[in-house]
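> What follows is upload-v2.cif; its format and atoms are mmCIF, C-alpha atoms.
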```cif
data_work
#
loop_
_atom_site.group_PDB
_atom_site.id
_atom_site.type_symbol
_atom_site.label_atom_id
_atom_site.label_comp_id
_atom_site.auth_asym_id
_atom_site.auth_seq_id
_atom_site.Cartn_x
_atom_site.Cartn_y
_atom_site.Cartn_z
ATOM 1 C CA MET A 139 132.408 80.842 100.022
ATOM 2 C CA LYS A 140 132.954 80.475 96.276
ATOM 3 C CA ALA A 141 130.529 77.565 96.166
ATOM 4 C CA ALA A 142 127.818 79.642 97.871
ATOM 5 C CA LYS A 143 128.271 82.479 95.386
ATOM 6 C CA LEU A 144 128.162 80.022 92.485
ATOM 7 C CA LEU A 145 124.951 78.447 93.802
ATOM 8 C CA ALA A 146 123.343 81.855 94.312
ATOM 9 C CA PHE A 147 124.292 82.888 90.767
ATOM 10 C CA ALA A 148 122.837 79.635 89.347
ATOM 11 C CA ALA A 149 119.613 80.177 91.323
ATOM 12 C CA VAL A 150 119.231 83.715 89.969
ATOM 13 C CA LEU A 151 119.769 82.504 86.382
ATOM 14 C CA GLY A 152 117.189 79.765 86.910
ATOM 15 C CA MET A 153 114.581 82.253 88.163
ATOM 16 C CA VAL A 154 115.220 84.640 85.268
ATOM 17 C CA GLY A 155 114.860 81.811 82.737
ATOM 18 C CA PHE A 156 111.639 80.641 84.371
ATOM 19 C CA ALA A 157 110.210 84.191 84.335
ATOM 20 C CA MET A 158 111.088 84.639 80.653
ATOM 21 C CA ALA A 159 109.435 81.327 79.747
ATOM 22 C CA ALA A 160 106.290 82.317 81.670
ATOM 23 C CA ASP A 161 106.074 85.613 79.732
ATOM 24 C CA LYS A 162 106.218 83.817 76.380
ATOM 25 C CA GLU A 163 103.458 81.415 77.360
ATOM 26 C CA ALA A 164 101.101 84.115 78.629
ATOM 27 C CA PRO A 165 98.265 84.692 76.137
ATOM 28 C CA LYS A 166 98.157 88.067 74.451
ATOM 29 C CA LYS A 167 95.236 90.261 75.352
ATOM 30 C CA LYS A 168 92.882 90.674 72.447
ATOM 31 C CA ARG A 169 92.164 94.285 71.645
ATOM 32 C CA VAL A 170 88.456 94.968 71.973
ATOM 33 C CA ARG A 171 87.100 97.589 69.620
ATOM 34 C CA THR A 172 84.090 99.594 70.702
ATOM 35 C CA PRO A 173 81.126 99.438 68.322
ATOM 36 C CA GLY A 174 81.049 102.265 65.827
ATOM 37 C CA ILE A 175 79.800 103.590 62.522
ATOM 38 C CA MET A 176 81.952 103.223 59.410
ATOM 39 C CA GLY A 177 81.416 105.047 56.138
ATOM 40 C CA THR A 178 82.305 108.158 54.159
ATOM 41 C CA ILE A 179 81.551 111.773 54.987
ATOM 42 C CA ALA A 180 78.759 112.976 52.678
ATOM 43 C CA ASP A 181 78.147 116.401 54.224
ATOM 44 C CA ILE A 182 79.458 118.673 56.984
ATOM 45 C CA GLU A 183 77.257 121.401 58.485
ATOM 46 C CA GLY A 184 77.724 123.876 61.314
ATOM 47 C CA LYS A 185 80.725 125.512 62.900
ATOM 48 C CA VAL A 186 83.510 123.899 64.890
ATOM 49 C CA PRO A 187 83.056 122.397 67.521
ATOM 50 C CA ASP A 188 79.294 121.881 67.002
ATOM 51 C CA LEU A 189 79.392 120.093 63.646
ATOM 52 C CA THR A 190 76.742 117.846 62.170
ATOM 53 C CA LEU A 191 78.260 115.144 59.970
ATOM 54 C CA THR A 192 76.196 113.139 57.497
ATOM 55 C CA ILE A 193 77.769 109.742 56.900
ATOM 56 C CA ASP A 194 77.068 107.330 54.034
ATOM 57 C CA LYS A 195 77.060 104.081 55.991
ATOM 58 C CA ARG A 196 77.281 100.850 54.040
ATOM 59 C CA THR A 197 75.958 97.608 55.485
ATOM 60 C CA ARG A 198 78.082 94.479 55.109
ATOM 61 C CA GLY A 199 77.081 92.368 52.149
ATOM 62 C CA SER A 200 75.071 95.204 50.589
ATOM 63 C CA LYS A 201 76.045 97.913 48.133
ATOM 64 C CA GLU A 202 73.260 100.212 49.325
ATOM 65 C CA THR A 203 74.117 103.038 51.706
ATOM 66 C CA THR A 204 72.101 104.669 54.437
ATOM 67 C CA LYS A 205 72.512 108.241 55.666
ATOM 68 C CA VAL A 206 73.447 108.606 59.332
ATOM 69 C CA THR A 207 73.688 111.974 61.088
ATOM 70 C CA VAL A 208 76.275 112.438 63.846
ATOM 71 C CA LYS A 209 76.864 115.470 66.084
ATOM 72 C CA THR A 210 80.206 116.560 67.556
ATOM 73 C CA ASP A 211 81.164 118.722 70.521
ATOM 74 C CA VAL A 212 84.228 120.084 72.308
ATOM 75 C CA ASP A 213 85.121 116.663 73.774
ATOM 76 C CA THR A 214 85.240 114.872 70.396
ATOM 77 C CA LYS A 215 88.735 113.500 69.676
ATOM 78 C CA VAL A 216 89.817 113.318 66.011
ATOM 79 C CA THR A 217 92.607 111.431 64.270
ATOM 80 C CA ILE A 218 93.310 111.761 60.557
ATOM 81 C CA ASP A 219 95.562 109.117 58.996
ATOM 82 C CA ARG A 220 96.505 107.984 62.549
ATOM 83 C CA LYS A 221 97.683 111.457 63.630
ATOM 84 C CA GLU A 222 95.942 113.721 66.157
ATOM 85 C CA ALA A 223 93.945 116.419 64.360
ATOM 86 C CA GLU A 224 91.223 119.029 64.756
ATOM 87 C CA LEU A 225 87.559 118.807 63.737
ATOM 88 C CA SER A 226 88.264 121.441 61.083
ATOM 89 C CA GLY A 227 90.521 118.905 59.295
ATOM 90 C CA LEU A 228 87.561 116.700 58.347
ATOM 91 C CA THR A 229 86.445 117.012 54.708
ATOM 92 C CA LYS A 230 83.814 115.461 52.464
ATOM 93 C CA GLY A 231 84.767 112.097 51.016
ATOM 94 C CA MET A 232 86.969 110.998 53.925
ATOM 95 C CA TYR A 233 86.544 107.473 55.245
ATOM 96 C CA VAL A 234 85.584 107.574 58.922
ATOM 97 C CA ARG A 235 84.942 105.369 61.932
ATOM 98 C CA ILE A 236 82.875 107.076 64.605
ATOM 99 C CA SER A 237 82.153 105.790 68.097
ATOM 100 C CA PRO A 238 79.878 105.419 69.982
ATOM 101 C CA VAL A 239 77.006 104.408 67.713
ATOM 102 C CA THR A 240 74.440 106.623 69.456
ATOM 103 C CA GLY A 241 74.648 110.091 70.946
ATOM 104 C CA THR A 242 77.409 112.631 70.417
ATOM 105 C CA ALA A 243 80.604 111.367 68.785
ATOM 106 C CA LYS A 244 83.447 110.882 71.263
ATOM 107 C CA ARG A 245 86.064 109.583 68.809
ATOM 108 C CA ILE A 246 86.394 110.046 65.051
ATOM 109 C CA SER A 247 89.099 108.210 63.112
ATOM 110 C CA ALA A 248 89.382 109.458 59.527
ATOM 111 C CA TRP A 249 91.473 108.419 56.507
ATOM 112 C CA THR A 250 92.075 110.317 53.283
ATOM 113 C CA LYS A 251 92.339 107.019 51.379
ATOM 114 C CA ARG A 252 90.233 103.954 52.030
ATOM 115 C CA PRO A 253 91.989 101.776 54.619
ATOM 116 C CA GLU A 254 93.136 98.381 53.370
ATOM 117 C CA ARG A 255 91.403 95.301 54.689
ATOM 118 C CA LYS A 256 93.484 93.123 56.966
ATOM 119 C CA ARG A 257 91.527 90.019 56.070
ATOM 120 C CA LYS A 258 90.846 88.851 52.560
ATOM 121 C CA PRO A 259 87.169 88.574 51.637
ATOM 122 C CA LYS A 260 85.706 85.078 51.526
ATOM 123 C CA GLU A 261 85.555 83.491 48.111
ATOM 124 C CA GLU A 262 82.125 82.365 47.007
#
```
As structure tokens - that is how I would like this structure written.


Amino acid sequence: MKAAKLLAFAAVLGMVGFAMAADKEAPKKKRVRTPGIMGTIADIEGKVPDLTLTIDKRTRGSKETTKVTVKTDVDTKVTIDRKEAELSGLTKGMYVRISPVTGTAKRISAWTKRPERKRKPKEE
């Protein structure tokens, strides 16, 4: 009887160890970011929730900016400095990421200070 219990205990430990090893070897899912517009807020017109934002969008590798106009509605979700916020919290000069690229904005992520780059720029 004791031998059977000991064998059952050893089998359970073996299965747990195997499951833990399988979890470590499983590849992590890469987070896919939806395409969006990045830039700074140049102008805000209208009344909440129907705002029209003018964004100074900068193209990679270029110091020139282009003006992009984005509309918002009741369904637009806003975060400011990674905290849930209201559309009325957006101000000129904030750094924003807006998605989707076309149509009415569904998600606006804004920062009061320019977010730091995770990757270092390539040296030329």

> Would you translate the PyMOL selection byres ((chain A and resi 240-244) around 7) into the concrete set of residues it matches in this file, as an NGL selection string?

:A and (208-210 or 213-215 or 236-239 or 245-246)

> Quote the spacing between CA of Ala180 in chain A and CA of Asp194 in chain A in Å to one decimal place.

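The value is 6.0 Å.
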
> Just the number, please: distance in Å from CA of Arg257 in chain A to CA of Thr217 in chain A, one decimal.

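Going from CA of Arg257 in chain A over to CA of Thr217 in chain A, I get 23.0 Å.
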
> Just give me the gap between CA of Lys166 in chain A and CA of Arg255 in chain A in Å, one decimal is fine.

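Going from CA of Lys166 in chain A over to CA of Arg255 in chain A, I get 22.1 Å.
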
> Using the chain letters and numbering of this document, enumerate as an MDAnalysis selection string the residues selected by the PyMOL selection byres ((chain A and resi 233) around 9).

chainID A and resid 176:179 230:232 234:235 247:253

> Applied to the shown file, which residues does the PyMOL selection byres ((chain A and resi 188) around 7) return, written as a PyMOL selection string?

chain A and resi 184-187+189-190+209-211

> Write out as a count of residues only each polymer residue whose atoms come within 9 Å of Thr207 in chain A, counting all atoms listed in the file; drop sequence neighbours fewer than 5 positions from it.

4

> Calculate, to one decimal in Å, the centre and edge lengths of the box along x, y and z of the file that holds all listed atoms of range 139-148 of chain A with 8 Å of margin on each side, and present them as JSON.


```
{"center_x": 127.9, "center_y": 80.2, "center_z": 94.7, "size_x": 26.1, "size_y": 21.3, "size_z": 26.7}
```

> Reconstruct N, CA and C atoms of range 173-204 of chain A; output as a PDB file, in the frame of the given file.


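Below is the file selection00.pdb, written as the result:
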```
ATOM      1  N   PRO A 173      81.967  99.367  69.510  1.00  0.00           N
ATOM      2  CA  PRO A 173      81.126  99.438  68.322  1.00  0.00           C
ATOM      3  C   PRO A 173      81.107 100.849  67.756  1.00  0.00           C
ATOM      4  N   GLY A 174      81.050 100.953  66.450  1.00  0.00           N
ATOM      5  CA  GLY A 174      81.049 102.265  65.827  1.00  0.00           C
ATOM      6  C   GLY A 174      80.399 102.253  64.468  1.00  0.00           C
ATOM      7  N   ILE A 175      80.368 103.407  63.851  1.00  0.00           N
ATOM      8  CA  ILE A 175      79.800 103.590  62.522  1.00  0.00           C
ATOM      9  C   ILE A 175      80.958 103.769  61.550  1.00  0.00           C
ATOM     10  N   MET A 176      80.928 103.055  60.436  1.00  0.00           N
ATOM     11  CA  MET A 176      81.952 103.223  59.410  1.00  0.00           C
ATOM     12  C   MET A 176      81.286 103.671  58.117  1.00  0.00           C
ATOM     13  N   GLY A 177      81.945 104.565  57.403  1.00  0.00           N
ATOM     14  CA  GLY A 177      81.416 105.047  56.138  1.00  0.00           C
ATOM     15  C   GLY A 177      82.225 106.215  55.616  1.00  0.00           C
ATOM     16  N   THR A 178      81.634 106.982  54.704  1.00  0.00           N
ATOM     17  CA  THR A 178      82.305 108.158  54.159  1.00  0.00           C
ATOM     18  C   THR A 178      81.508 109.403  54.517  1.00  0.00           C
ATOM     19  N   ILE A 179      82.218 110.516  54.657  1.00  0.00           N
ATOM     20  CA  ILE A 179      81.551 111.773  54.987  1.00  0.00           C
ATOM     21  C   ILE A 179      80.861 112.296  53.735  1.00  0.00           C
ATOM     22  N   ALA A 180      79.531 112.468  53.807  1.00  0.00           N
ATOM     23  CA  ALA A 180      78.759 112.976  52.678  1.00  0.00           C
ATOM     24  C   ALA A 180      78.539 114.485  52.800  1.00  0.00           C
ATOM     25  N   ASP A 181      78.425 114.984  54.038  1.00  0.00           N
ATOM     26  CA  ASP A 181      78.147 116.401  54.224  1.00  0.00           C
ATOM     27  C   ASP A 181      78.607 116.838  55.610  1.00  0.00           C
ATOM     28  N   ILE A 182      79.062 118.086  55.708  1.00  0.00           N
ATOM     29  CA  ILE A 182      79.458 118.673  56.984  1.00  0.00           C
ATOM     30  C   ILE A 182      78.731 120.003  57.130  1.00  0.00           C
ATOM     31  N   GLU A 183      77.999 120.166  58.237  1.00  0.00           N
ATOM     32  CA  GLU A 183      77.257 121.401  58.485  1.00  0.00           C
ATOM     33  C   GLU A 183      77.612 121.942  59.859  1.00  0.00           C
ATOM     34  N   GLY A 184      77.483 123.244  60.030  1.00  0.00           N
ATOM     35  CA  GLY A 184      77.724 123.876  61.314  1.00  0.00           C
ATOM     36  C   GLY A 184      79.119 124.440  61.425  1.00  0.00           C
ATOM     37  N   LYS A 185      79.418 124.937  62.617  1.00  0.00           N
ATOM     38  CA  LYS A 185      80.725 125.512  62.900  1.00  0.00           C
ATOM     39  C   LYS A 185      81.411 124.680  63.970  1.00  0.00           C
ATOM     40  N   VAL A 186      82.730 124.645  63.908  1.00  0.00           N
ATOM     41  CA  VAL A 186      83.510 123.899  64.890  1.00  0.00           C
ATOM     42  C   VAL A 186      83.271 124.519  66.250  1.00  0.00           C
ATOM     43  N   PRO A 187      83.033 123.829  67.316  1.00  0.00           N
ATOM     44  CA  PRO A 187      83.056 122.397  67.521  1.00  0.00           C
ATOM     45  C   PRO A 187      81.703 121.709  67.363  1.00  0.00           C
ATOM     46  N   ASP A 188      80.635 122.465  67.101  1.00  0.00           N
ATOM     47  CA  ASP A 188      79.294 121.881  67.002  1.00  0.00           C
ATOM     48  C   ASP A 188      78.964 121.546  65.554  1.00  0.00           C
ATOM     49  N   LEU A 189      79.627 120.518  65.025  1.00  0.00           N
ATOM     50  CA  LEU A 189      79.392 120.093  63.646  1.00  0.00           C
ATOM     51  C   LEU A 189      78.310 119.020  63.596  1.00  0.00           C
ATOM     52  N   THR A 190      77.654 118.940  62.456  1.00  0.00           N
ATOM     53  CA  THR A 190      76.742 117.846  62.170  1.00  0.00           C
ATOM     54  C   THR A 190      77.274 117.153  60.920  1.00  0.00           C
ATOM     55  N   LEU A 191      77.709 115.915  61.080  1.00  0.00           N
ATOM     56  CA  LEU A 191      78.260 115.144  59.970  1.00  0.00           C
ATOM     57  C   LEU A 191      77.201 114.194  59.436  1.00  0.00           C
ATOM     58  N   THR A 192      77.065 114.130  58.120  1.00  0.00           N
ATOM     59  CA  THR A 192      76.196 113.139  57.497  1.00  0.00           C
ATOM     60  C   THR A 192      77.103 112.086  56.889  1.00  0.00           C
ATOM     61  N   ILE A 193      76.914 110.846  57.307  1.00  0.00           N
ATOM     62  CA  ILE A 193      77.769 109.742  56.900  1.00  0.00           C
ATOM     63  C   ILE A 193      76.987 108.797  55.992  1.00  0.00           C
ATOM     64  N   ASP A 194      77.621 108.398  54.875  1.00  0.00           N
ATOM     65  CA  ASP A 194      77.068 107.330  54.034  1.00  0.00           C
ATOM     66  C   ASP A 194      77.574 106.020  54.610  1.00  0.00           C
ATOM     67  N   LYS A 195      76.698 105.332  55.336  1.00  0.00           N
ATOM     68  CA  LYS A 195      77.060 104.081  55.991  1.00  0.00           C
ATOM     69  C   LYS A 195      76.643 102.913  55.101  1.00  0.00           C
ATOM     70  N   ARG A 196      77.579 102.016  54.867  1.00  0.00           N
ATOM     71  CA  ARG A 196      77.281 100.850  54.040  1.00  0.00           C
ATOM     72  C   ARG A 196      77.189  99.618  54.925  1.00  0.00           C
ATOM     73  N   THR A 197      76.155  98.822  54.714  1.00  0.00           N
ATOM     74  CA  THR A 197      75.958  97.608  55.485  1.00  0.00           C
ATOM     75  C   THR A 197      76.738  96.474  54.833  1.00  0.00           C
ATOM     76  N   ARG A 198      77.321  95.606  55.653  1.00  0.00           N
ATOM     77  CA  ARG A 198      78.082  94.479  55.109  1.00  0.00           C
ATOM     78  C   ARG A 198      77.211  93.639  54.192  1.00  0.00           C
ATOM     79  N   GLY A 199      77.788  93.234  53.079  1.00  0.00           N
ATOM     80  CA  GLY A 199      77.081  92.368  52.149  1.00  0.00           C
ATOM     81  C   GLY A 199      76.101  93.102  51.255  1.00  0.00           C
ATOM     82  N   SER A 200      76.006  94.422  51.384  1.00  0.00           N
ATOM     83  CA  SER A 200      75.071  95.204  50.589  1.00  0.00           C
ATOM     84  C   SER A 200      75.812  96.386  49.977  1.00  0.00           C
ATOM     85  N   LYS A 201      75.415  96.766  48.772  1.00  0.00           N
ATOM     86  CA  LYS A 201      76.045  97.913  48.133  1.00  0.00           C
ATOM     87  C   LYS A 201      75.242  99.186  48.369  1.00  0.00           C
ATOM     88  N   GLU A 202      74.095  99.052  49.021  1.00  0.00           N
ATOM     89  CA  GLU A 202      73.260 100.212  49.325  1.00  0.00           C
ATOM     90  C   GLU A 202      73.803 100.933  50.556  1.00  0.00           C
ATOM     91  N   THR A 203      73.669 102.260  50.562  1.00  0.00           N
ATOM     92  CA  THR A 203      74.117 103.038  51.706  1.00  0.00           C
ATOM     93  C   THR A 203      72.927 103.678  52.403  1.00  0.00           C
ATOM     94  N   THR A 204      73.114 103.946  53.672  1.00  0.00           N
ATOM     95  CA  THR A 204      72.101 104.669  54.437  1.00  0.00           C
ATOM     96  C   THR A 204      72.763 105.916  55.005  1.00  0.00           C
TER      97      THR A 204
END
```
